[in-house]
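Reading through the structure tokens given below for one structure.
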2 protein chains.
Amino acid sequence: MTSGKAPREGRKRHVSMGDVARRAGVSAQTVSRVSNGYQGVIPQTRELVLKAMDELGYRPNSAARALKLGSFHTIGVITFSLEAVGNHRTIQAISVAAAKAGYAVTLIPVDLPTQSGVEHAFGRLEELAVDAVAVIVEVHLLDRAKVVLPPGVPTVVVDSDAGDAYTVVDTDQADGARQATRHLLELGHTTIRHLAGPESSYAAQRRVDGWRETLIEAGLEVKDIVRGDWSAASGYEAGRTLVADTQCTAVFCANDQMALGLYRAAAEAGRRIPEDLSVVGFDDSADTPAYSPPLTTIHQDFAEVGRRSVAAILEQLRTGEQKPGTSIVPTRFIHRASTAPVRVSS
Amino acid sequence: MTSGKAPREGRKRHVSMGDVARRAGVSAQTVSRVSNGYQGVIPQTRELVLKAMDELGYRPNSAARALKLGSFHTIGVITFSLEAVGNHRTIQAISVAAAKAGYAVTLIPVDLPTQSGVEHAFGRLEELAVDAVAVIVEVHLLDRAKVVLPPGVPTVVVDSDAGDAYTVVDTDQADGARQATRHLLELGHTTIRHLAGPESSYAAQRRVDGWRETLIEAGLEVKDIVRGDWSAASGYEAGRTLVADTQCTAVFCANDQMALGLYRAAAEAGRRIPEDLSVVGFDDSADTPAYSPPLTTIHQDFAEVGRRSVAAILEQLRTGEQKPGTSIVPTRFIHRASTAPVRVSS
DNA sequence: CTTTAGGATGTTTACGTAAACATCGCCTCG
DNA sequence: CGAGGCGATGTTTACGTAAACATCCTAAAG
């Protein structure tokens with residue numbers, strides 16, 4: 001009875017331009033023109049098409065569009081965790097900057113921070129619909145021999161040491177550490193210890209370097225570092241060692257969360273901050289102004305890192321060529337209330 | 001001299017199955033079979049194809065694949081900010097659970113937490129390559145009349161009130177608030193105040209409700225709430241009001257960060273925690289065990305929320321139908337050291 | 001030795017879109 | 001009044017893949 005080509009009842013079929021075109025009595029190409037906002041369509045025709053689109057519930061098929069145009073307008077972000085303080089701030093900035101440029105952001109989680117985990121994530125990359133990649137993992141986790149970024153895919157490596165092969169956007173970790181240490185020196189401290197991040201972290205290593213260099217320049221003793229894993233809990237554990245060192249009057253912490261742990265260790269040991277112990281953090285995370293006392297720290301401009309990363313990617317996408325080199329985002333010293341001049345002891 | 005069809009030097013053309021097929025001396029379909037791990041290809045042929053793939057640097061084109069298969073294997077996550085404590089944890093969990101199921105996650109940032117910002121994000125959704133959507137914005141920001149999720153796209157609304165229209169995964173905020181308040185009651189506190197989150201937040205509202213109900217049930221006075229904006233700084237500001245209330249011996253904070261601010265306010269006012277003031281937080285964020293003293297709080301299982309969200313999406317994808325309903329993830333009380341029995345005053 | 005089944009591989013086609021090119025009609029200008 | 005030009009629209013084609021179908025060959029069975 002009915003037409004041989006009755007609309008199937010089953011799984012909702014995609015409404016295509018052809019369907020809209022038929023309904024509107026125009027060609028598919030005209031539908032395409034309306035869909036893409038091309039100007040050379042007279043209002044009357046446009047109305048017709050829009051009406052048909054609306055009635056049929058037309059939505060452009062991005063797969064087809066991507067196939068035709070050769071671009072997804074999507075940037076992949078390879079990352080281990082969103083939990084580390086910096087990561088989600090960087091990713092937030094990346095996704096906002098990307099959106100502003102009309103790009104979406106796809107997360108590619110690395111399930112384990114191991115060689116194989118990273119390899120797996122890079123493997124998935126092959127099958128993912130991205131035009132470019134931002135890598136936010138500790139790149140030294142990558143065995144260069146095994147993990148190769150797909151050639152021809154514009155890539156930016158964030159906050160890590162990627163050698164000369166890639167475009168890198170990095171925060172000036174070492175300088176931040178130097179600023180922090182210098183500040184403590186200026187306050188007259190002579191025993192300035194460091195609560196470091198994990199050995200596996202490149203950023204942690206650079207912060208250790210900056211601290212150490214500054215002390216050596218000043219001709220001061222470089223005491224052993226104590227390591228945490230970035231967590232506040234580890235900062236507390238490490239902090240117990242530090243507060244037990246009565247010579248030590250100042251601690252530079254590799255991040256704010258560990259500084260928070262140190263606060264607790266100091267409180268338990270009866271050492272007041274900043275009167276008995278000066279503390280400088282790193283990151284300038286959102287909570288620090290409300291620490292008790294508010295934490296003197298080093299501000300990291302994650303937003304700028306995100307912006308530059310996207311800018312670098314867009315540049316590569318535009319010119320079509322990798323441009324190895326490192327873009328350094330400066331850090332800024334933020335003075336709050338957790339540091340004070342050393343008290344003349346004895 | 002050379003063949004008329006020399007490989008263009010210009011923009012790197014995509015290596016297609018056809019290219020590989022020609023090189024390997026097989027058909028494109030066989031390349032497809034090898035690419036997809038189909039078993040009925042004899043090892044010798046497979047080797048040939050793999051070798052050709054390798055030599056040419058073949059990478060499957062996901063746009064074409066998506067067009068053919070009608071699926072991107074991608075879930076879109078609409079969110080305002082990654083900064084709010086819960087968000088990035090939920091998104092992390094979603095992306096991991098999604099990856100486990102072979103799905104990628106695309107972030108769709110809402111640039112402003114306003115009606116128009118949300119509308120814009122939903123607009124972008126139309127052109128994005130996603131099979132399903134998880135919405136992690138305060139849904140009441142949406143004007144139902146204006147913002148309509150594209151029909152036929154499986155959708156899950158996370159931690160928000162979406163009425164009966166969508167599948168919802170929600171944390172049991174009210175129950176968490178009740179547990180927190182009950183704990184304080186059991187310790188003998190009779191003036192228990194609430195440091196609430198912003199009025200615009202659904203979660204904040206539910207926590208207020210849970211706190212209020214419990215106090216009313218106990219026949220206690222319900223004092224005015226003081227509001228913050230989730231930030232530690234706002235917790236400090238609001239906290240100054242609360243610590244000034246000498247009758248008040250216990251505060252239930254709508255999140256951990258504001259509790260941290262309250263800690264500072266208490267310290268400045270010379271009120272010790274927990275001796276003079278008991279504090280309960282909400283979220284069980286990573287830092288809380290290292291607060292000084294460690295914060296008693298309500299654990300939110302963000303990972304479970306993420307897992308259930310993905311599960312619900314996969315279910316919708318599988319069956320092809322929306323299944324409205326709410327899945328409630330329980331909260332858990334975590335006893336640490338910031339609460340103590342009320343001291344007999346006077 | 002012929003037949004047949006089934007495994008391995010090749011050929012055709014469609015997915016939905018947009019660029020490139022083709023057509024048509026109307027307006028302007030000489 | 002005719003040529004030319006241009007604006008609006010239609011037609012053809014290709015993007016890269018995988019399902020469906022077609023073919024070929026080998027080996028086992030009769």
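Just remember, in the structure tokens the first chain shown is A, the second B, etc., residues are 1-based per chain, and ligands are 1-based in the order shown.
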Using only C-alpha atoms (C1' of nucleotides), find each residue of chain A with at least one atom at most 9 Å away from an atom of chain C; report its shortest atom-to-atom pair and that distance in Å (one decimal), sort the rows by chain and rising residue number, and return the result as JSON lines.
```
{"residue": "A:Ser16", "atom": "CA", "partner": "C:DG16", "partner_atom": "C1'", "distance": 6.4}
{"residue": "A:Met17", "atom": "CA", "partner": "C:DG16", "partner_atom": "C1'", "distance": 7.3}
{"residue": "A:Gly18", "atom": "CA", "partner": "C:DG16", "partner_atom": "C1'", "distance": 8.6}
{"residue": "A:Gln29", "atom": "CA", "partner": "C:DA18", "partner_atom": "C1'", "distance": 7.7}
{"residue": "A:Ser32", "atom": "CA", "partner": "C:DA18", "partner_atom": "C1'", "distance": 7.2}
{"residue": "A:Arg33", "atom": "CA", "partner": "C:DA18", "partner_atom": "C1'", "distance": 8.8}
{"residue": "A:Pro60", "atom": "CA", "partner": "C:DG16", "partner_atom": "C1'", "distance": 8.4}
{"residue": "A:Asn61", "atom": "CA", "partner": "C:DG16", "partner_atom": "C1'", "distance": 6.5}
{"residue": "A:Ser62", "atom": "CA", "partner": "C:DT17", "partner_atom": "C1'", "distance": 8.7}
{"residue": "A:Ala63", "atom": "CA", "partner": "C:DG16", "partner_atom": "C1'", "distance": 8.0}
{"residue": "A:Ala64", "atom": "CA", "partner": "C:DG16", "partner_atom": "C1'", "distance": 5.0}
{"residue": "A:Arg65", "atom": "CA", "partner": "C:DT17", "partner_atom": "C1'", "distance": 5.2}
{"residue": "A:Ala66", "atom": "CA", "partner": "C:DT17", "partner_atom": "C1'", "distance": 8.5}
{"residue": "A:Leu67", "atom": "CA", "partner": "C:DT17", "partner_atom": "C1'", "distance": 7.9}
{"residue": "A:Lys68", "atom": "CA", "partner": "C:DT17", "partner_atom": "C1'", "distance": 6.1}
{"residue": "A:Leu69", "atom": "CA", "partner": "C:DA18", "partner_atom": "C1'", "distance": 7.9}
```
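Using only C-alpha atoms (C1' of nucleotides), one finds that the residues of chain D close to chain B, at 12 Å or less, are D:DC15, D:DG16, D:DT17, D:DA18, D:DA19, D:DA20.
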For the selection just defined, write its residues with N, CA and C atoms (P, O5', C5', C4', C3', O3' and C1' of nucleotides) to a file, as an mmCIF file, in the first residue's frame.
```cif
data_model
loop_
_atom_site.group_PDB
_atom_site.id
_atom_site.type_symbol
_atom_site.label_atom_id
_atom_site.label_comp_id
_atom_site.auth_asym_id
_atom_site.auth_seq_id
_atom_site.Cartn_x
_atom_site.Cartn_y
_atom_site.Cartn_z
ATOM 1 P P DC D 15 39.840 11.173 -3.412
ATOM 2 O "O5'" DC D 15 39.730 11.410 -1.840
ATOM 3 C "C5'" DC D 15 39.724 12.720 -1.275
ATOM 4 C "C4'" DC D 15 39.007 12.662 0.036
ATOM 5 C "C3'" DC D 15 39.207 11.344 0.796
ATOM 6 O "O3'" DC D 15 40.327 11.481 1.658
ATOM 7 C "C1'" DC D 15 36.929 12.141 0.898
ATOM 8 P P DG D 16 41.525 10.420 1.535
ATOM 9 O "O5'" DG D 16 40.947 9.192 2.381
ATOM 10 C "C5'" DG D 16 40.758 9.370 3.774
ATOM 11 C "C4'" DG D 16 39.971 8.179 4.307
ATOM 12 C "C3'" DG D 16 40.624 6.821 4.045
ATOM 13 O "O3'" DG D 16 40.779 6.200 5.306
ATOM 14 C "C1'" DG D 16 38.340 6.796 3.430
ATOM 15 P P DT D 17 41.198 4.675 5.472
ATOM 16 O "O5'" DT D 17 39.808 3.978 5.709
ATOM 17 C "C5'" DT D 17 39.059 4.342 6.861
ATOM 18 C "C4'" DT D 17 37.665 3.783 6.775
ATOM 19 C "C3'" DT D 17 37.591 2.253 6.845
ATOM 20 O "O3'" DT D 17 37.195 1.913 8.169
ATOM 21 C "C1'" DT D 17 36.091 3.211 5.209
ATOM 22 P P DA D 18 37.324 0.411 8.622
ATOM 23 O "O5'" DA D 18 35.947 -0.190 8.133
ATOM 24 C "C5'" DA D 18 34.748 0.213 8.781
ATOM 25 C "C4'" DA D 18 33.569 -0.499 8.143
ATOM 26 C "C3'" DA D 18 33.618 -2.023 8.215
ATOM 27 O "O3'" DA D 18 32.278 -2.465 8.351
ATOM 28 C "C1'" DA D 18 33.508 -1.376 5.984
ATOM 29 P P DA D 19 31.984 -3.887 8.960
ATOM 30 O "O5'" DA D 19 30.556 -4.229 8.337
ATOM 31 C "C5'" DA D 19 29.545 -3.224 8.294
ATOM 32 C "C4'" DA D 19 28.652 -3.451 7.092
ATOM 33 C "C3'" DA D 19 28.231 -4.911 6.899
ATOM 34 O "O3'" DA D 19 26.843 -4.939 6.591
ATOM 35 C "C1'" DA D 19 29.327 -4.118 4.942
ATOM 36 P P DA D 20 26.075 -6.354 6.506
ATOM 37 O "O5'" DA D 20 25.975 -6.610 4.948
ATOM 38 C "C5'" DA D 20 25.471 -5.574 4.107
ATOM 39 C "C4'" DA D 20 25.610 -5.988 2.659
ATOM 40 C "C3'" DA D 20 25.270 -7.451 2.395
ATOM 41 O "O3'" DA D 20 24.407 -7.511 1.260
ATOM 42 C "C1'" DA D 20 27.405 -6.944 1.515
#
```
Rounded to one decimal in Å, what is the spacing between CA of Thr326 (chain A) and CA of Ala196 (chain A)?
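For CA of Thr326 (chain A) relative to CA of Ala196 (chain A), the distance reads 24.4 Å.
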Counting only C-alpha atoms, which residues from chain B have an atom at most 8 Å from any atom of chain A, and could you show them as number ranges by chain?
B: 11-12, 59-64, 66-67, 72, 81-83, 88-89, 92, 95-96, 99, 104-109, 111, 126-129, 152, 231-233, 236, 257, 260-261, 263-264, 267, 286-287, 289-293, 320
Skipping near chain neighbours, those fewer than 5 positions away, what residues fall within 12 Å of Thr30 (chain A) using only C-alpha atoms (C1' of nucleotides), listed as a PyMOL selection string?
(chain A and resi 17-18+20-22+24-25+35-42+45-50) or (chain C and resi 17-18) or (chain D and resi 8-11)
May I have the residues within 12 Å of Asp224 (chain A) as a ChimeraX atom specification, using only C-alpha atoms (C1' of nucleotides) and disregarding those fewer than 4 positions away in the same chain?
/A:191-196,208,211-212,238,241-242,245,248,251
Residue selection dump (all heavy atoms) as a tab-separated table (two decimals), in the first residue's frame:
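Output saved as selection04.tsv:
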```
chain	number	residue	atom	x	y	z
A	191	THR	N	69.40	28.57	57.29
A	191	THR	CA	69.14	27.14	57.08
A	191	THR	C	67.78	26.99	56.43
A	191	THR	O	66.74	27.02	57.08
A	191	THR	CB	69.18	26.37	58.42
A	191	THR	OG1	70.44	26.59	59.05
A	191	THR	CG2	68.98	24.88	58.16
A	192	ILE	N	67.84	26.87	55.12
A	192	ILE	CA	66.61	26.81	54.32
A	192	ILE	C	66.51	25.43	53.69
A	192	ILE	O	67.33	25.07	52.85
A	192	ILE	CB	66.64	27.87	53.20
A	192	ILE	CG1	66.79	29.26	53.82
A	192	ILE	CG2	65.39	27.78	52.34
A	192	ILE	CD1	67.07	30.35	52.80
A	193	ARG	N	65.53	24.68	54.13
A	193	ARG	CA	65.43	23.32	53.59
A	193	ARG	C	64.34	23.24	52.52
A	193	ARG	O	63.57	24.17	52.33
A	193	ARG	CB	65.17	22.33	54.73
A	193	ARG	CG	66.34	22.35	55.73
A	193	ARG	CD	66.29	21.20	56.68
A	193	ARG	NE	66.45	19.91	55.98
A	193	ARG	CZ	66.66	18.77	56.63
A	193	ARG	NH1	66.74	18.74	57.97
A	193	ARG	NH2	66.78	17.64	55.96
A	194	HIS	N	64.32	22.11	51.87
A	194	HIS	CA	63.38	21.96	50.75
A	194	HIS	C	62.55	20.70	50.90
A	194	HIS	O	63.08	19.62	51.13
A	194	HIS	CB	64.16	21.91	49.43
A	194	HIS	CG	63.30	21.78	48.20
A	194	HIS	ND1	62.13	22.50	48.03
A	194	HIS	CD2	63.44	21.04	47.07
A	194	HIS	CE1	61.59	22.18	46.86
A	194	HIS	NE2	62.36	21.30	46.26
A	195	LEU	N	61.25	20.90	50.80
A	195	LEU	CA	60.34	19.75	50.81
A	195	LEU	C	60.01	19.51	49.34
A	195	LEU	O	59.22	20.24	48.74
A	195	LEU	CB	59.09	20.11	51.62
A	195	LEU	CG	58.28	18.96	52.22
A	195	LEU	CD1	57.18	19.51	53.12
A	195	LEU	CD2	57.72	18.03	51.18
A	196	ALA	N	60.64	18.51	48.78
A	196	ALA	CA	60.59	18.32	47.33
A	196	ALA	C	59.45	17.41	46.87
A	196	ALA	O	58.87	16.66	47.66
A	196	ALA	CB	61.92	17.73	46.85
A	208	VAL	N	64.03	21.65	42.73
A	208	VAL	CA	65.18	21.31	43.58
A	208	VAL	C	66.41	22.07	43.08
A	208	VAL	O	67.14	22.71	43.86
A	208	VAL	CB	65.48	19.80	43.56
A	208	VAL	CG1	66.79	19.49	44.28
A	208	VAL	CG2	64.33	19.02	44.19
A	211	TRP	N	66.41	25.81	43.91
A	211	TRP	CA	66.67	26.02	45.35
A	211	TRP	C	68.14	25.81	45.64
A	211	TRP	O	68.79	26.66	46.27
A	211	TRP	CB	65.80	25.02	46.12
A	211	TRP	CG	66.19	24.77	47.54
A	211	TRP	CD1	65.92	25.57	48.62
A	211	TRP	CD2	66.88	23.62	48.06
A	211	TRP	NE1	66.41	25.00	49.76
A	211	TRP	CE2	67.00	23.80	49.45
A	211	TRP	CE3	67.40	22.47	47.46
A	211	TRP	CZ2	67.64	22.85	50.25
A	211	TRP	CZ3	68.02	21.54	48.27
A	211	TRP	CH2	68.14	21.73	49.64
A	212	ARG	N	68.68	24.72	45.13
A	212	ARG	CA	70.07	24.38	45.43
A	212	ARG	C	71.03	25.44	44.89
A	212	ARG	O	71.90	25.93	45.61
A	212	ARG	CB	70.41	23.01	44.84
A	212	ARG	CG	71.89	22.64	45.02
A	212	ARG	CD	72.17	21.24	44.54
A	212	ARG	NE	71.57	20.23	45.41
A	212	ARG	CZ	70.87	19.19	44.99
A	212	ARG	NH1	70.65	19.03	43.69
A	212	ARG	NH2	70.39	18.32	45.85
A	238	ALA	N	56.71	14.29	55.62
A	238	ALA	CA	58.02	14.88	55.38
A	238	ALA	C	58.24	16.04	56.35
A	238	ALA	O	59.34	16.25	56.87
A	238	ALA	CB	58.13	15.35	53.94
A	241	THR	N	59.82	15.47	59.77
A	241	THR	CA	61.29	15.46	59.78
A	241	THR	C	61.84	16.88	59.83
A	241	THR	O	62.74	17.20	60.60
A	241	THR	CB	61.81	14.78	58.49
A	241	THR	OG1	61.22	13.50	58.37
A	241	THR	CG2	63.34	14.68	58.52
A	242	LEU	N	61.25	17.73	59.01
A	242	LEU	CA	61.76	19.09	58.90
A	242	LEU	C	61.58	19.89	60.18
A	242	LEU	O	62.50	20.60	60.61
A	242	LEU	CB	61.08	19.80	57.72
A	242	LEU	CG	61.45	19.24	56.34
A	242	LEU	CD1	60.59	19.88	55.26
A	242	LEU	CD2	62.94	19.50	56.06
A	245	ASP	N	64.05	19.47	62.88
A	245	ASP	CA	65.36	20.10	62.70
A	245	ASP	C	65.28	21.52	63.25
A	245	ASP	O	64.79	22.43	62.60
A	245	ASP	CB	65.70	20.12	61.21
A	245	ASP	CG	67.04	20.82	60.93
A	245	ASP	OD1	67.62	21.41	61.87
A	245	ASP	OD2	67.48	20.76	59.78
A	248	CYS	N	66.71	24.55	61.41
A	248	CYS	CA	66.00	24.99	60.20
A	248	CYS	C	64.90	26.00	60.54
A	248	CYS	O	63.99	25.72	61.33
A	248	CYS	CB	65.39	23.76	59.52
A	248	CYS	SG	64.27	24.16	58.20
A	251	VAL	N	61.43	26.75	55.21
A	251	VAL	CA	61.25	25.64	54.29
A	251	VAL	C	60.61	26.13	53.01
A	251	VAL	O	59.63	26.87	53.04
A	251	VAL	CB	60.36	24.53	54.91
A	251	VAL	CG1	60.13	23.42	53.90
A	251	VAL	CG2	60.97	23.99	56.19
```
